[in-house]
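Structure file run04.cif; described as mmCIF, C-alpha atoms and all ligand atoms.
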```
data_query
loop_
_atom_site.label_atom_id
_atom_site.label_comp_id
_atom_site.auth_asym_id
_atom_site.auth_seq_id
_atom_site.Cartn_x
_atom_site.Cartn_y
_atom_site.Cartn_z
CA MET A 1 -76.46 3.91 43.85
CA SER A 2 -75.86 5.97 40.77
CA ASN A 3 -78.61 6.24 38.24
CA SER A 4 -76.21 5.64 35.38
CA LEU A 5 -75.32 2.14 36.62
CA LEU A 6 -78.97 1.10 36.78
CA ILE A 7 -79.57 2.59 33.33
CA MET A 8 -76.60 0.74 31.87
CA VAL A 9 -77.70 -2.52 33.48
CA SER A 10 -81.24 -2.10 32.20
CA LEU A 11 -79.91 -1.55 28.67
CA ALA A 12 -77.73 -4.66 29.01
CA VAL A 13 -80.70 -6.73 30.21
CA ALA A 14 -82.85 -5.46 27.32
CA SER A 15 -80.18 -6.21 24.71
CA ILE A 16 -79.44 -9.68 26.07
CA GLY A 17 -83.22 -10.25 26.05
CA LEU A 18 -83.29 -9.30 22.38
CA ILE A 19 -80.40 -11.63 21.49
CA THR A 20 -82.06 -14.45 23.46
CA TRP A 21 -85.30 -13.79 21.59
CA GLN A 22 -83.49 -14.07 18.26
CA HIS A 23 -81.83 -17.39 19.14
CA SER A 24 -84.76 -19.01 20.93
CA VAL A 25 -86.49 -19.96 17.65
CA ARG A 26 -83.57 -22.07 16.50
CA SER A 27 -83.23 -23.73 19.87
CA ASP A 28 -86.85 -24.88 19.81
CA LEU A 29 -88.02 -22.35 22.40
CA ILE A 30 -90.54 -20.70 20.12
CA ARG A 31 -93.23 -20.42 22.79
CA ALA A 32 -90.85 -18.88 25.30
CA ARG A 33 -89.52 -16.44 22.72
CA ARG A 34 -91.98 -13.57 23.05
CA ARG A 35 -92.27 -14.10 26.80
CA TRP A 36 -88.56 -13.79 27.39
CA LEU A 37 -88.38 -10.50 25.52
CA GLN A 38 -91.39 -9.21 27.50
CA ALA A 39 -89.75 -10.24 30.76
CA SER A 40 -86.46 -8.55 29.84
CA LEU A 41 -88.21 -5.34 28.82
CA LEU A 42 -90.31 -5.34 31.99
CA LEU A 43 -87.23 -5.88 34.12
CA ALA A 44 -85.27 -3.21 32.24
CA ALA A 45 -88.18 -0.73 32.52
CA GLY A 46 -88.45 -1.41 36.26
CA MET A 47 -84.74 -0.73 36.70
CA LEU A 48 -84.96 2.45 34.63
CA VAL A 49 -87.82 3.72 36.80
CA GLU A 50 -85.90 2.82 39.96
CA GLY A 51 -82.80 4.47 38.51
CA TYR A 52 -84.63 7.79 38.20
CA VAL A 53 -85.96 7.81 41.73
CA GLU A 54 -84.96 10.97 43.51
CA PRO A 55 -85.85 11.93 47.05
CA GLY A 56 -88.91 14.11 47.15
CA LYS A 57 -92.40 14.16 45.79
CA GLY A 58 -93.54 10.99 44.06
CA GLU A 59 -90.48 9.09 45.30
CA MET A 60 -92.48 6.27 46.87
CA LEU A 61 -94.75 5.87 43.86
CA ARG A 62 -91.81 5.59 41.47
CA LEU A 63 -90.04 3.19 43.82
CA ALA A 64 -93.19 1.09 44.08
CA LEU A 65 -93.64 0.98 40.30
CA GLY A 66 -89.99 0.26 39.65
CA SER A 67 -89.85 -2.52 42.20
CA GLY A 68 -93.15 -4.01 40.98
CA MET A 69 -92.00 -4.09 37.36
CA SER A 70 -88.52 -5.43 38.18
CA ASN A 71 -89.81 -8.20 40.41
CA ALA A 72 -92.56 -9.11 37.93
CA GLY A 73 -89.86 -9.25 35.20
CA ILE A 74 -87.68 -11.57 37.31
CA ALA A 75 -90.69 -13.76 38.17
CA LEU A 76 -91.70 -13.92 34.48
CA GLN A 77 -88.17 -15.00 33.54
CA LEU A 78 -88.34 -17.67 36.23
CA THR A 79 -91.63 -19.06 34.89
CA ILE A 80 -89.94 -19.41 31.48
CA ILE A 81 -86.91 -21.18 32.94
CA ALA A 82 -89.26 -23.41 34.94
CA ARG A 83 -90.98 -24.45 31.69
CA VAL A 84 -87.66 -25.19 30.05
CA THR A 85 -86.94 -27.60 32.91
CA GLY A 86 -90.35 -29.26 32.53
CA LEU A 87 -92.22 -27.55 35.39
CA LYS A 88 -95.48 -25.75 34.75
CA PRO A 89 -95.94 -22.74 37.02
CA PRO A 90 -99.22 -20.82 36.53
CA ASN A 91 -99.09 -17.71 34.35
CA TRP A 92 -100.51 -15.37 36.97
CA LEU A 93 -97.62 -15.99 39.34
CA TRP A 94 -95.38 -13.28 37.89
CA LEU A 95 -98.26 -10.77 37.89
CA ALA A 96 -98.99 -11.54 41.54
CA VAL A 97 -95.31 -10.98 42.42
CA GLY A 98 -95.35 -7.62 40.61
CA LEU A 99 -98.55 -6.54 42.31
CA VAL A 100 -97.40 -7.45 45.82
CA SER A 101 -94.04 -5.74 45.21
CA THR A 102 -95.83 -2.56 44.13
CA LEU A 103 -98.43 -2.51 46.87
CA ASP A 104 -96.18 -3.16 49.82
CA LYS A 105 -94.14 -0.05 49.05
CA LEU A 106 -97.25 2.11 49.12
CA LEU A 107 -98.56 0.84 52.42
CA PRO A 108 -97.66 2.79 55.55
CA TYR A 109 -94.83 1.34 57.58
CA ARG A 110 -95.85 -1.68 59.56
CA PRO A 111 -93.64 -4.56 60.71
CA LEU A 112 -95.75 -7.13 58.88
CA MET A 113 -95.52 -5.27 55.58
CA LEU A 114 -91.81 -4.78 56.06
CA MET A 115 -91.41 -8.50 56.59
CA LEU A 116 -93.35 -9.21 53.41
CA GLU A 117 -91.22 -6.76 51.45
CA SER A 118 -88.07 -8.31 52.89
CA ALA A 119 -89.08 -11.83 51.88
CA GLU A 120 -89.69 -11.01 48.20
CA ILE A 121 -86.19 -10.79 46.76
CA PRO A 122 -84.62 -13.60 48.81
CA LEU A 123 -87.47 -15.89 47.76
CA LEU A 124 -87.21 -14.88 44.11
CA TYR A 125 -83.45 -15.34 44.19
CA LEU A 126 -83.67 -18.73 45.87
CA ALA A 127 -86.15 -19.87 43.22
CA ALA A 128 -83.81 -18.46 40.54
CA ALA A 129 -80.81 -20.35 41.99
CA TRP A 130 -82.72 -23.62 42.01
CA LEU A 131 -84.13 -23.19 38.52
CA TYR A 132 -80.85 -22.11 36.90
CA GLN A 133 -79.13 -25.10 38.48
CA ARG A 134 -81.80 -27.48 37.12
CA ALA A 135 -81.88 -25.88 33.69
CA GLU A 136 -78.11 -25.83 33.19
CA ARG A 137 -77.83 -29.38 34.37
CA LEU A 138 -80.50 -30.37 31.89
CA VAL A 139 -78.99 -28.73 28.83
CA SER A 140 -75.26 -28.97 29.46
CA ARG A 141 -75.03 -31.58 32.25
CA ASN A 142 -73.11 -29.07 34.35
CA ARG A 143 -73.07 -30.26 37.92
CA PHE A 144 -72.76 -26.73 39.12
CA SER A 145 -74.14 -23.48 37.70
CA PRO A 146 -72.27 -20.22 38.43
CA THR A 147 -75.51 -18.30 37.80
CA ALA A 148 -77.24 -20.37 40.49
CA LEU A 149 -74.42 -19.66 42.93
CA LEU A 150 -74.68 -15.95 42.23
CA PHE A 151 -78.41 -15.93 42.95
CA LEU A 152 -77.83 -17.93 46.12
CA LEU A 153 -75.29 -15.36 47.32
CA GLY A 154 -77.73 -12.61 46.34
CA ALA A 155 -80.47 -14.21 48.43
CA LEU A 156 -78.14 -14.31 51.44
CA LEU A 157 -77.07 -10.72 50.93
CA PHE A 158 -80.66 -9.52 50.79
CA VAL A 159 -81.58 -11.56 53.88
CA TRP A 160 -78.69 -9.93 55.70
CA ARG A 161 -79.66 -6.45 54.48
CA ASP A 162 -83.34 -6.86 55.27
CA ALA A 163 -82.75 -8.48 58.63
CA SER A 164 -80.52 -5.55 59.70
CA ASP A 165 -83.00 -3.10 58.24
CA PHE A 166 -85.90 -4.73 60.00
CA TYR A 167 -84.12 -4.97 63.33
CA LEU A 168 -82.96 -1.34 63.31
CA ARG A 169 -86.25 0.06 62.05
CA LEU A 170 -88.11 -1.76 64.79
CA GLN A 171 -85.99 0.17 67.22
CA THR A 172 -85.82 3.60 65.59
CA ALA A 173 -88.61 3.65 62.95
CA ILE A 174 -86.15 5.50 60.69
CA ALA A 175 -83.58 3.82 58.48
CA PRO A 176 -80.21 4.74 59.98
CA ASP A 177 -77.41 6.03 57.73
CA SER A 178 -75.29 2.99 58.53
CA LEU A 179 -77.67 0.96 56.39
CA ASP A 180 -77.01 2.99 53.26
CA GLN A 181 -73.86 1.12 52.37
CA LEU A 182 -75.54 -2.23 52.83
CA HIS A 183 -78.47 -1.08 50.70
CA GLN A 184 -76.12 0.08 47.98
CA LEU A 185 -74.15 -3.14 48.05
CA ALA A 186 -77.36 -5.17 47.79
CA LEU A 187 -78.66 -2.99 44.95
CA ALA A 188 -75.37 -3.23 43.04
CA PHE A 189 -75.42 -6.98 43.55
CA ALA A 190 -79.01 -7.15 42.33
CA ALA A 191 -78.03 -5.23 39.18
CA ALA A 192 -75.14 -7.63 38.51
CA ALA A 193 -77.37 -10.63 39.20
CA GLN A 194 -79.89 -9.44 36.61
CA VAL A 195 -77.23 -9.26 33.92
CA CYS A 196 -75.84 -12.66 34.95
CA GLY A 197 -79.36 -14.14 34.99
CA ALA A 198 -79.99 -12.82 31.48
CA VAL A 199 -76.62 -14.17 30.28
CA GLY A 200 -77.39 -17.45 32.08
CA PHE A 201 -80.58 -17.90 30.12
CA LEU A 202 -78.90 -16.89 26.86
CA ASN A 203 -76.34 -19.58 27.64
CA ILE A 204 -79.13 -22.13 28.13
CA VAL A 205 -80.72 -21.11 24.82
CA LEU A 206 -77.42 -21.30 22.92
CA GLN A 207 -76.55 -24.63 24.53
CA ARG A 208 -79.90 -26.05 23.44
CA GLN A 209 -79.31 -24.76 19.95
CA HIS A 210 -75.86 -26.37 19.95
CA ASN A 211 -77.31 -29.68 21.25
CA ARG A 212 -79.94 -29.69 18.52
CA LEU A 213 -77.38 -29.05 15.80
CA GLU A 214 -75.13 -31.73 17.21
CA ASP A 215 -78.01 -34.21 17.41
CA ALA A 216 -78.98 -33.39 13.83
CA ALA A 217 -75.40 -34.03 12.73
CA ASN A 218 -74.93 -37.26 14.71
CA PHE A 219 -78.29 -39.01 14.93
CA ASP A 220 -80.61 -40.47 12.35
CA PRO A 221 -83.87 -38.47 12.54
CA LEU A 222 -86.08 -41.48 11.74
CA THR A 223 -84.86 -43.93 14.37
CA GLY A 224 -82.83 -41.78 16.77
CA ALA A 225 -79.89 -44.19 16.34
CA GLY A 226 -76.40 -42.76 15.88
CA ASN A 227 -75.19 -42.29 12.29
CA ARG A 228 -71.77 -43.00 10.85
CA ARG A 229 -70.45 -39.67 12.08
CA ALA A 230 -71.41 -40.61 15.63
CA LEU A 231 -69.84 -44.03 15.02
CA GLN A 232 -66.48 -42.42 14.24
CA TYR A 233 -66.67 -40.40 17.46
CA TRP A 234 -67.68 -43.44 19.55
CA LEU A 235 -64.89 -45.54 18.01
CA ARG A 236 -62.30 -42.98 19.12
CA THR A 237 -63.75 -43.04 22.65
CA LEU A 238 -63.79 -46.85 22.72
CA GLU A 239 -60.25 -47.21 21.39
CA ALA A 240 -59.03 -45.02 24.21
CA SER A 241 -61.00 -46.63 27.00
CA VAL A 242 -61.69 -50.37 26.58
CA GLU A 243 -59.87 -53.56 25.56
CA ARG A 244 -62.62 -55.31 23.64
CA VAL A 245 -65.99 -54.57 22.12
CA CYS A 246 -68.57 -56.97 20.77
CA VAL A 247 -69.64 -55.78 17.29
CA VAL A 248 -73.06 -56.83 15.99
CA MET A 249 -74.21 -56.13 12.42
CA LEU A 250 -77.89 -56.79 11.88
CA ASP A 251 -80.23 -56.41 8.96
CA ILE A 252 -84.04 -56.79 8.74
CA ASP A 253 -85.13 -59.83 6.72
CA HIS A 254 -87.16 -59.33 3.54
CA PHE A 255 -87.58 -55.69 4.30
CA LYS A 256 -88.12 -54.83 0.66
CA SER A 257 -91.31 -56.91 0.68
CA VAL A 258 -92.60 -54.93 3.72
CA ASN A 259 -92.13 -51.72 1.75
CA ASP A 260 -93.63 -53.24 -1.39
CA ARG A 261 -96.64 -54.66 0.39
CA TYR A 262 -97.49 -51.99 2.97
CA GLY A 263 -95.78 -48.90 1.60
CA HIS A 264 -92.73 -46.88 2.53
CA PRO A 265 -94.25 -45.17 5.62
CA ALA A 266 -95.05 -48.62 7.04
CA GLY A 267 -91.42 -49.63 6.35
CA ASP A 268 -90.30 -46.52 8.24
CA ALA A 269 -92.51 -47.52 11.17
CA VAL A 270 -90.92 -51.00 11.24
CA LEU A 271 -87.47 -49.39 11.35
CA GLN A 272 -88.58 -47.24 14.28
CA VAL A 273 -89.95 -50.25 16.15
CA LEU A 274 -86.73 -52.20 15.62
CA ALA A 275 -84.65 -49.24 16.85
CA ALA A 276 -86.87 -49.00 19.95
CA VAL A 277 -86.52 -52.74 20.65
CA LEU A 278 -82.74 -52.56 20.26
CA ARG A 279 -82.41 -49.43 22.39
CA GLY A 280 -84.67 -50.89 25.07
CA GLY A 281 -82.75 -54.18 25.23
CA ILE A 282 -79.14 -53.02 25.42
CA ARG A 283 -77.13 -51.65 28.33
CA ASP A 284 -76.72 -47.92 28.92
CA ASN A 285 -73.17 -47.85 27.59
CA ASP A 286 -73.89 -49.96 24.50
CA MET A 287 -74.20 -47.99 21.26
CA LEU A 288 -76.74 -48.25 18.48
CA ILE A 289 -75.89 -47.06 14.98
CA ARG A 290 -78.01 -47.06 11.86
CA TYR A 291 -75.39 -48.29 9.46
CA GLY A 292 -77.36 -48.19 6.24
CA GLY A 293 -81.01 -48.42 5.08
CA GLU A 294 -82.24 -51.36 7.19
CA GLU A 295 -78.89 -52.29 8.60
CA PHE A 296 -77.92 -51.50 12.19
CA CYS A 297 -74.71 -51.92 14.13
CA LEU A 298 -74.45 -52.51 17.87
CA LEU A 299 -71.28 -51.88 19.84
CA MET A 300 -71.11 -53.58 23.22
CA PRO A 301 -68.08 -52.41 25.19
CA ASP A 302 -66.42 -55.00 27.43
CA ALA A 303 -68.71 -57.79 26.20
CA ASP A 304 -67.18 -61.01 24.84
CA ILE A 305 -68.64 -62.87 21.88
CA GLU A 306 -70.77 -65.19 24.07
CA ASP A 307 -72.34 -62.20 25.84
CA GLY A 308 -72.92 -60.55 22.46
CA MET A 309 -74.52 -63.66 20.95
CA LEU A 310 -76.83 -64.08 23.93
CA ALA A 311 -77.85 -60.41 23.99
CA THR A 312 -78.53 -60.40 20.22
CA GLU A 313 -80.58 -63.62 20.46
CA ARG A 314 -82.70 -61.95 23.14
CA LEU A 315 -83.21 -58.89 20.95
CA LEU A 316 -84.17 -61.06 17.98
CA GLN A 317 -86.71 -62.92 20.08
CA ALA A 318 -88.25 -59.68 21.31
CA PHE A 319 -88.46 -58.24 17.78
CA ARG A 320 -89.84 -61.44 16.25
CA GLN A 321 -92.71 -61.57 18.74
CA LEU A 322 -93.88 -58.03 18.06
CA ALA A 323 -96.53 -56.89 15.62
CA PRO A 324 -94.70 -53.74 14.47
CA LEU A 325 -97.65 -52.33 12.52
CA PRO A 326 -100.78 -52.12 14.72
CA LYS A 327 -103.01 -51.85 11.63
CA GLN A 328 -101.48 -55.02 10.17
CA PRO A 329 -101.46 -57.36 13.17
CA GLU A 330 -100.59 -60.31 10.93
CA LEU A 331 -97.16 -58.86 10.05
CA ARG A 332 -94.16 -60.27 11.89
CA CYS A 333 -90.58 -59.27 11.14
CA ALA A 334 -87.20 -60.67 12.05
CA PHE A 335 -83.57 -59.86 11.45
CA SER A 336 -80.34 -61.67 10.73
CA ALA A 337 -77.24 -60.77 12.69
CA GLY A 338 -73.51 -61.41 12.65
CA VAL A 339 -71.42 -61.05 15.80
CA HIS A 340 -67.67 -60.58 16.17
CA GLU A 341 -65.36 -59.63 19.00
CA TRP A 342 -63.19 -56.58 18.34
CA HIS A 343 -59.91 -56.31 20.24
CA CYS A 344 -59.55 -52.54 20.07
CA ARG A 345 -55.80 -52.30 20.75
CA GLN A 346 -54.74 -55.04 18.28
CA GLN A 347 -57.12 -54.74 15.35
CA ASP A 348 -58.75 -52.07 13.20
CA PHE A 349 -62.47 -51.63 13.63
CA ALA A 350 -62.91 -52.04 9.86
CA ASP A 351 -61.53 -55.62 10.09
CA ALA A 352 -63.81 -56.53 12.99
CA GLN A 353 -66.80 -54.97 11.28
CA GLN A 354 -66.03 -56.90 8.09
CA LYS A 355 -65.96 -60.15 10.08
CA ALA A 356 -69.31 -59.30 11.70
CA ASP A 357 -70.62 -58.59 8.19
CA GLN A 358 -69.41 -61.97 6.95
CA ALA A 359 -71.19 -63.63 9.87
CA LEU A 360 -74.32 -61.68 8.93
CA TYR A 361 -74.01 -62.92 5.36
CA LEU A 362 -73.75 -66.45 6.74
CA ALA A 363 -76.96 -65.91 8.72
CA LYS A 364 -78.75 -64.70 5.58
CA GLN A 365 -77.42 -67.66 3.60
CA SER A 366 -78.57 -70.10 6.27
CA GLY A 367 -82.19 -69.03 6.04
CA ARG A 368 -82.28 -65.67 7.91
CA ASP A 369 -83.94 -64.99 11.31
CA GLN A 370 -80.84 -66.03 13.24
CA VAL A 371 -77.66 -64.82 14.91
CA ARG A 372 -74.30 -66.18 13.67
CA ARG A 373 -70.60 -65.87 14.35
CA LEU A 374 -67.70 -66.93 12.15
N1 LIG B 401 -89.16 -47.59 4.42
C1 LIG B 401 -87.87 -47.50 4.28
N2 LIG B 401 -87.22 -48.37 3.48
C2 LIG B 401 -85.88 -48.27 3.37
C3 LIG B 401 -85.16 -47.29 4.02
N3 LIG B 401 -83.84 -47.44 3.72
C4 LIG B 401 -83.77 -48.51 2.87
N4 LIG B 401 -85.01 -49.02 2.66
C5 LIG B 401 -85.40 -50.16 1.85
O1 LIG B 401 -84.84 -51.36 2.37
C6 LIG B 401 -84.93 -52.33 1.35
C7 LIG B 401 -83.73 -53.22 1.42
O2 LIG B 401 -83.95 -54.25 0.54
P1 LIG B 401 -82.91 -55.43 0.28
O3 LIG B 401 -81.50 -54.87 0.36
O4 LIG B 401 -83.31 -56.13 -0.98
O5 LIG B 401 -83.05 -56.34 1.54
P2 LIG B 401 -84.26 -57.25 2.04
O6 LIG B 401 -85.49 -57.12 1.24
O7 LIG B 401 -84.40 -56.96 3.50
O8 LIG B 401 -83.70 -58.68 1.87
P3 LIG B 401 -82.69 -59.44 2.81
O9 LIG B 401 -81.84 -58.43 3.51
O10 LIG B 401 -81.87 -60.27 1.90
O11 LIG B 401 -83.49 -60.24 3.77
C8 LIG B 401 -85.03 -51.57 0.02
O12 LIG B 401 -86.32 -51.79 -0.51
C9 LIG B 401 -84.89 -50.10 0.44
O13 LIG B 401 -85.70 -49.27 -0.35
C10 LIG B 401 -85.87 -46.35 4.83
O14 LIG B 401 -85.31 -45.44 5.43
N5 LIG B 401 -87.22 -46.50 4.92
#
```

As C-alpha cells, how would this structure be written, given the file I've shared?
Ligand SMILES: Nc1nc2c(ncn2[C@@H]2O[C@H](COP(=O)(O)OP(=O)(O)OP(=O)(O)O)[C@@H](O)[C@H]2O)c(=O)[nH]1
Amino acid sequence: MSNSLLIMVSLAVASIGLITWQHSVRSDLIRARRRWLQASLLLAAGMLVEGYVEPGKGEMLRLALGSGMSNAGIALQLTIIARVTGLKPPNWLWLAVGLVSTLDKLLPYRPLMLMLESAEIPLLYLAAAWLYQRAERLVSRNRFSPTALLFLLGALLFVWRDASDFYLRLQTAIAPDSLDQLHQLALAFAAAAQVCGAVGFLNIVLQRQHNRLEDAANFDPLTGAGNRRALQYWLRTLEASVERVCVVMLDIDHFKSVNDRYGHPAGDAVLQVLAAVLRGGIRDNDMLIRYGGEEFCLLMPDADIEDGMLATERLLQAFRQLAPLPKQPELRCAFSAGVHEWHCRQQDFADAQQKADQALYLAKQSGRDQVRRL
C-alpha cells in the first residue's frame, strides 16, 4: 500500500469533514457539527500515521496508534449517524473502540488477541452498513443505500482477509507473503470505504438541508398543513393519477372573537388544534392545506361527495367537543364546511373549489357549525 494513497485519502476525509461541518448547521445538525469534524480529523490523522509506517523500529507503535485513531474516528462517526437515526449510543463507545484497537496491536501474538483484532473492522463495517441504510432511508426514503452496500462488502472482505490470516498464522506463526496482496486489497478497500462513508454522511446532511428548505417552502410553519404552493404540486399529482377528489373548504366560526377575547397567541393555538384534529381524522393519502388565515382545504382522493360529507361531519364533531385552550376550558369552537366532488379529468380545480366555497358560504348563512353541499 503506497503511503501517498493513504495520505490523499486522509486529506479527502478531512476536507469532506470540513464541508459537512459547514452544512450541518443549516440542516439542523448543530450538535453533531463539531463531533463530525473531530471524527473526520481523527480518522484522517489515523490514516496519516498508518501511511507513514515503515518496517523497522517503532513500526508496531505507529501501527497501533494509527489503527486506534482510525477505528476511533470511524466509531465516532457511527455514533453521530446513530443519533441522526434516533438511536442513542453512549459517548464512550468510540473511545473504547480506539483503545482496544491500539492495545491489541501492542500485545504479543496470541490467537485470542488476533481474533479480537480480526473482529474489529468487520464489526465496525457491519454497524456502518446498518446505520447508513437506516439514515438514508430516513432522510431520502431510499430503499437501498450504496454506502451501506460498500460497507457490507468491506466487512466481508475483512472477514475473508482475517480468516485467511488467522488460519495461516496458526500454522506458521509468520504472515506468509501470499497474504500481502489480500492485505493490500483490504487496505485499499478500507481507504475507499472511508471516503464513501464521509461522502455518504455529507449526502445525508445535504438531503436534510434540502428537506428542510422544501418543507419551509411548502408547509405552513404554524399548523404544519400544506400551503398553496404544496396545493399546486398535489393538484398536478392528483390530475395525473385519480378520477375524482372530494374537495372540502372549511373555516373556523367566529374566529375573530377568539382572537379579540383571548389574544392572538390563543388564536394560533386554536388553529394548531384544528390542524391536528383534521390531520388525525383523515386518511394517509388525503391532503390538508391551510388555504388562508383560518380557512383550510381538504382533498380526499377517490372519495365521493357522500364519503366527504360523512368524514367532514366526523371531523366537525371531534373539533366541537374539544376544549382547544387548556387554560380556558369553557371555550368551544366549531367550523363551517362546504363539500364538492371534483372530477379531475373533466373540470378545473378552480371551478370545483369555487363550488365548495359556495357551499361553505351556505353553511355560514345557515347558522354556521355545519357541513353543506350545493
Ligand atoms: N391568531 C391568528 N389569527 C388569524 C390568523 N390568520 C387570520 N387570523 C384572524 O382570523 C380572523 C378571521 O376573521 P373573520 O374573517 O371576520 O371570520 P370569523 O370571525 O371567523 O367569522 P366567520 O368566519 O364569519 O364565522 C381575523 O381576525 C384574522 O385576524 C393567524 O394566523 N393567527

Using all atoms listed in the file, find each residue with an atom at most 10 Å away from ligand LIG 401 (chain B) and format the answer as an mmCIF file with C-alpha atoms, in the frame of the given file.
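Once written, result_26.cif looks like this:
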```cif
data_model
loop_
_atom_site.group_PDB
_atom_site.id
_atom_site.type_symbol
_atom_site.label_atom_id
_atom_site.label_comp_id
_atom_site.auth_asym_id
_atom_site.auth_seq_id
_atom_site.Cartn_x
_atom_site.Cartn_y
_atom_site.Cartn_z
ATOM 1 C CA ASP A 220 -80.610 -40.470 12.350
ATOM 2 C CA LEU A 222 -86.080 -41.480 11.740
ATOM 3 C CA THR A 223 -84.860 -43.930 14.370
ATOM 4 C CA LEU A 250 -77.890 -56.790 11.880
ATOM 5 C CA ASP A 251 -80.230 -56.410 8.960
ATOM 6 C CA ILE A 252 -84.040 -56.790 8.740
ATOM 7 C CA ASP A 253 -85.130 -59.830 6.720
ATOM 8 C CA HIS A 254 -87.160 -59.330 3.540
ATOM 9 C CA PHE A 255 -87.580 -55.690 4.300
ATOM 10 C CA LYS A 256 -88.120 -54.830 0.660
ATOM 11 C CA SER A 257 -91.310 -56.910 0.680
ATOM 12 C CA VAL A 258 -92.600 -54.930 3.720
ATOM 13 C CA ASN A 259 -92.130 -51.720 1.750
ATOM 14 C CA ASP A 260 -93.630 -53.240 -1.390
ATOM 15 C CA TYR A 262 -97.490 -51.990 2.970
ATOM 16 C CA GLY A 263 -95.780 -48.900 1.600
ATOM 17 C CA HIS A 264 -92.730 -46.880 2.530
ATOM 18 C CA PRO A 265 -94.250 -45.170 5.620
ATOM 19 C CA ALA A 266 -95.050 -48.620 7.040
ATOM 20 C CA GLY A 267 -91.420 -49.630 6.350
ATOM 21 C CA ASP A 268 -90.300 -46.520 8.240
ATOM 22 C CA ALA A 269 -92.510 -47.520 11.170
ATOM 23 C CA VAL A 270 -90.920 -51.000 11.240
ATOM 24 C CA LEU A 271 -87.470 -49.390 11.350
ATOM 25 C CA GLN A 272 -88.580 -47.240 14.280
ATOM 26 C CA ARG A 290 -78.010 -47.060 11.860
ATOM 27 C CA GLY A 292 -77.360 -48.190 6.240
ATOM 28 C CA GLY A 293 -81.010 -48.420 5.080
ATOM 29 C CA GLU A 294 -82.240 -51.360 7.190
ATOM 30 C CA GLU A 295 -78.890 -52.290 8.600
ATOM 31 C CA ALA A 334 -87.200 -60.670 12.050
ATOM 32 C CA PHE A 335 -83.570 -59.860 11.450
ATOM 33 C CA SER A 336 -80.340 -61.670 10.730
ATOM 34 C CA LEU A 360 -74.320 -61.680 8.930
ATOM 35 C CA TYR A 361 -74.010 -62.920 5.360
ATOM 36 C CA ALA A 363 -76.960 -65.910 8.720
ATOM 37 C CA LYS A 364 -78.750 -64.700 5.580
ATOM 38 C CA GLN A 365 -77.420 -67.660 3.600
ATOM 39 C CA GLY A 367 -82.190 -69.030 6.040
ATOM 40 C CA ARG A 368 -82.280 -65.670 7.910
ATOM 41 C CA ASP A 369 -83.940 -64.990 11.310
#
```

Distance in Å - CA of Arg26 in chain A versus CA of Gln133 in chain A: 22.6 Å

Nearby residues, (-79.2, -53.1, 24.0) file frame, 10 Å, all atoms listed in the file, as a PyMOL selection string: chain A and resi 275-288+298-300+308+311-312+314-315

Once you have the residues from the selection above, write them out as a PDB file, in the coordinates of the input, restricted to C-alpha atoms.
```pdb
ATOM      1  CA  ALA A 275     -84.650 -49.240  16.850  1.00  0.00           C
ATOM      2  CA  ALA A 276     -86.870 -49.000  19.950  1.00  0.00           C
ATOM      3  CA  VAL A 277     -86.520 -52.740  20.650  1.00  0.00           C
ATOM      4  CA  LEU A 278     -82.740 -52.560  20.260  1.00  0.00           C
ATOM      5  CA  ARG A 279     -82.410 -49.430  22.390  1.00  0.00           C
ATOM      6  CA  GLY A 280     -84.670 -50.890  25.070  1.00  0.00           C
ATOM      7  CA  GLY A 281     -82.750 -54.180  25.230  1.00  0.00           C
ATOM      8  CA  ILE A 282     -79.140 -53.020  25.420  1.00  0.00           C
ATOM      9  CA  ARG A 283     -77.130 -51.650  28.330  1.00  0.00           C
ATOM     10  CA  ASP A 284     -76.720 -47.920  28.920  1.00  0.00           C
ATOM     11  CA  ASN A 285     -73.170 -47.850  27.590  1.00  0.00           C
ATOM     12  CA  ASP A 286     -73.890 -49.960  24.500  1.00  0.00           C
ATOM     13  CA  MET A 287     -74.200 -47.990  21.260  1.00  0.00           C
ATOM     14  CA  LEU A 288     -76.740 -48.250  18.480  1.00  0.00           C
ATOM     15  CA  LEU A 298     -74.450 -52.510  17.870  1.00  0.00           C
ATOM     16  CA  LEU A 299     -71.280 -51.880  19.840  1.00  0.00           C
ATOM     17  CA  MET A 300     -71.110 -53.580  23.220  1.00  0.00           C
ATOM     18  CA  GLY A 308     -72.920 -60.550  22.460  1.00  0.00           C
ATOM     19  CA  ALA A 311     -77.850 -60.410  23.990  1.00  0.00           C
ATOM     20  CA  THR A 312     -78.530 -60.400  20.220  1.00  0.00           C
ATOM     21  CA  ARG A 314     -82.700 -61.950  23.140  1.00  0.00           C
ATOM     22  CA  LEU A 315     -83.210 -58.890  20.950  1.00  0.00           C
TER      23      LEU A 315
END
```

From A:Leu152, A:Met8, A:Ile289, A:Ala75, residue lying nearest Leu235 in chain A [all atoms listed in the file]: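 Selected residue with least distance to Leu235 in chain A: A:Ile289.
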
For Asp302 in chain A: contacts at 12 Å, only C-alpha atoms, fewer than 3 positions along chain excluded, given as number ranges by chain: A: 238-239, 241-247, 283, 285-286, 299, 305-308, 341-344

Nearest to Leu206 in chain A, chosen from A:Val273, A:Val139, A:Met115, A:Leu331, with all atoms listed in the file counted in the distances: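 Counting all atoms listed in the file, the residue closest to Leu206 in chain A is A:Val139.
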
Two-atom distance - CA of Phe349 in chain A, CA of Glu313 in chain A (Å):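 CA of Glu313 in chain A lies at a distance of 22.8 Å from CA of Phe349 in chain A.
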
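For the residues A:Gly338, A:Ser24, A:Ile16, A:Leu185, ranking by smallest atom-to-atom distance to His210 in chain A using all atoms listed in the file places A:Ser24 first.
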
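Atom pair CA of Val339 in chain A / CA of Asp357 in chain A has a distance of 8.0 Å (rounded to one decimal).
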
7 Å contact set for range 215-218 of chain A, all atoms listed in the file, chain neighbours under 4 positions out, as an NGL selection string: :A and (211 or 226-227 or 229-230)

For those residues, write C-alpha atoms to a file as a short mmCIF file (atom, residue, chain, number, x, y, z; two decimals), in the frame of the given file.
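Contents of the output file result_32.cif:
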```
data_model
loop_
_atom_site.label_atom_id
_atom_site.label_comp_id
_atom_site.auth_asym_id
_atom_site.auth_seq_id
_atom_site.Cartn_x
_atom_site.Cartn_y
_atom_site.Cartn_z
CA ASN A 211 -77.31 -29.68 21.25
CA GLY A 226 -76.40 -42.76 15.88
CA ASN A 227 -75.19 -42.29 12.29
CA ARG A 229 -70.45 -39.67 12.08
CA ALA A 230 -71.41 -40.61 15.63
#
```
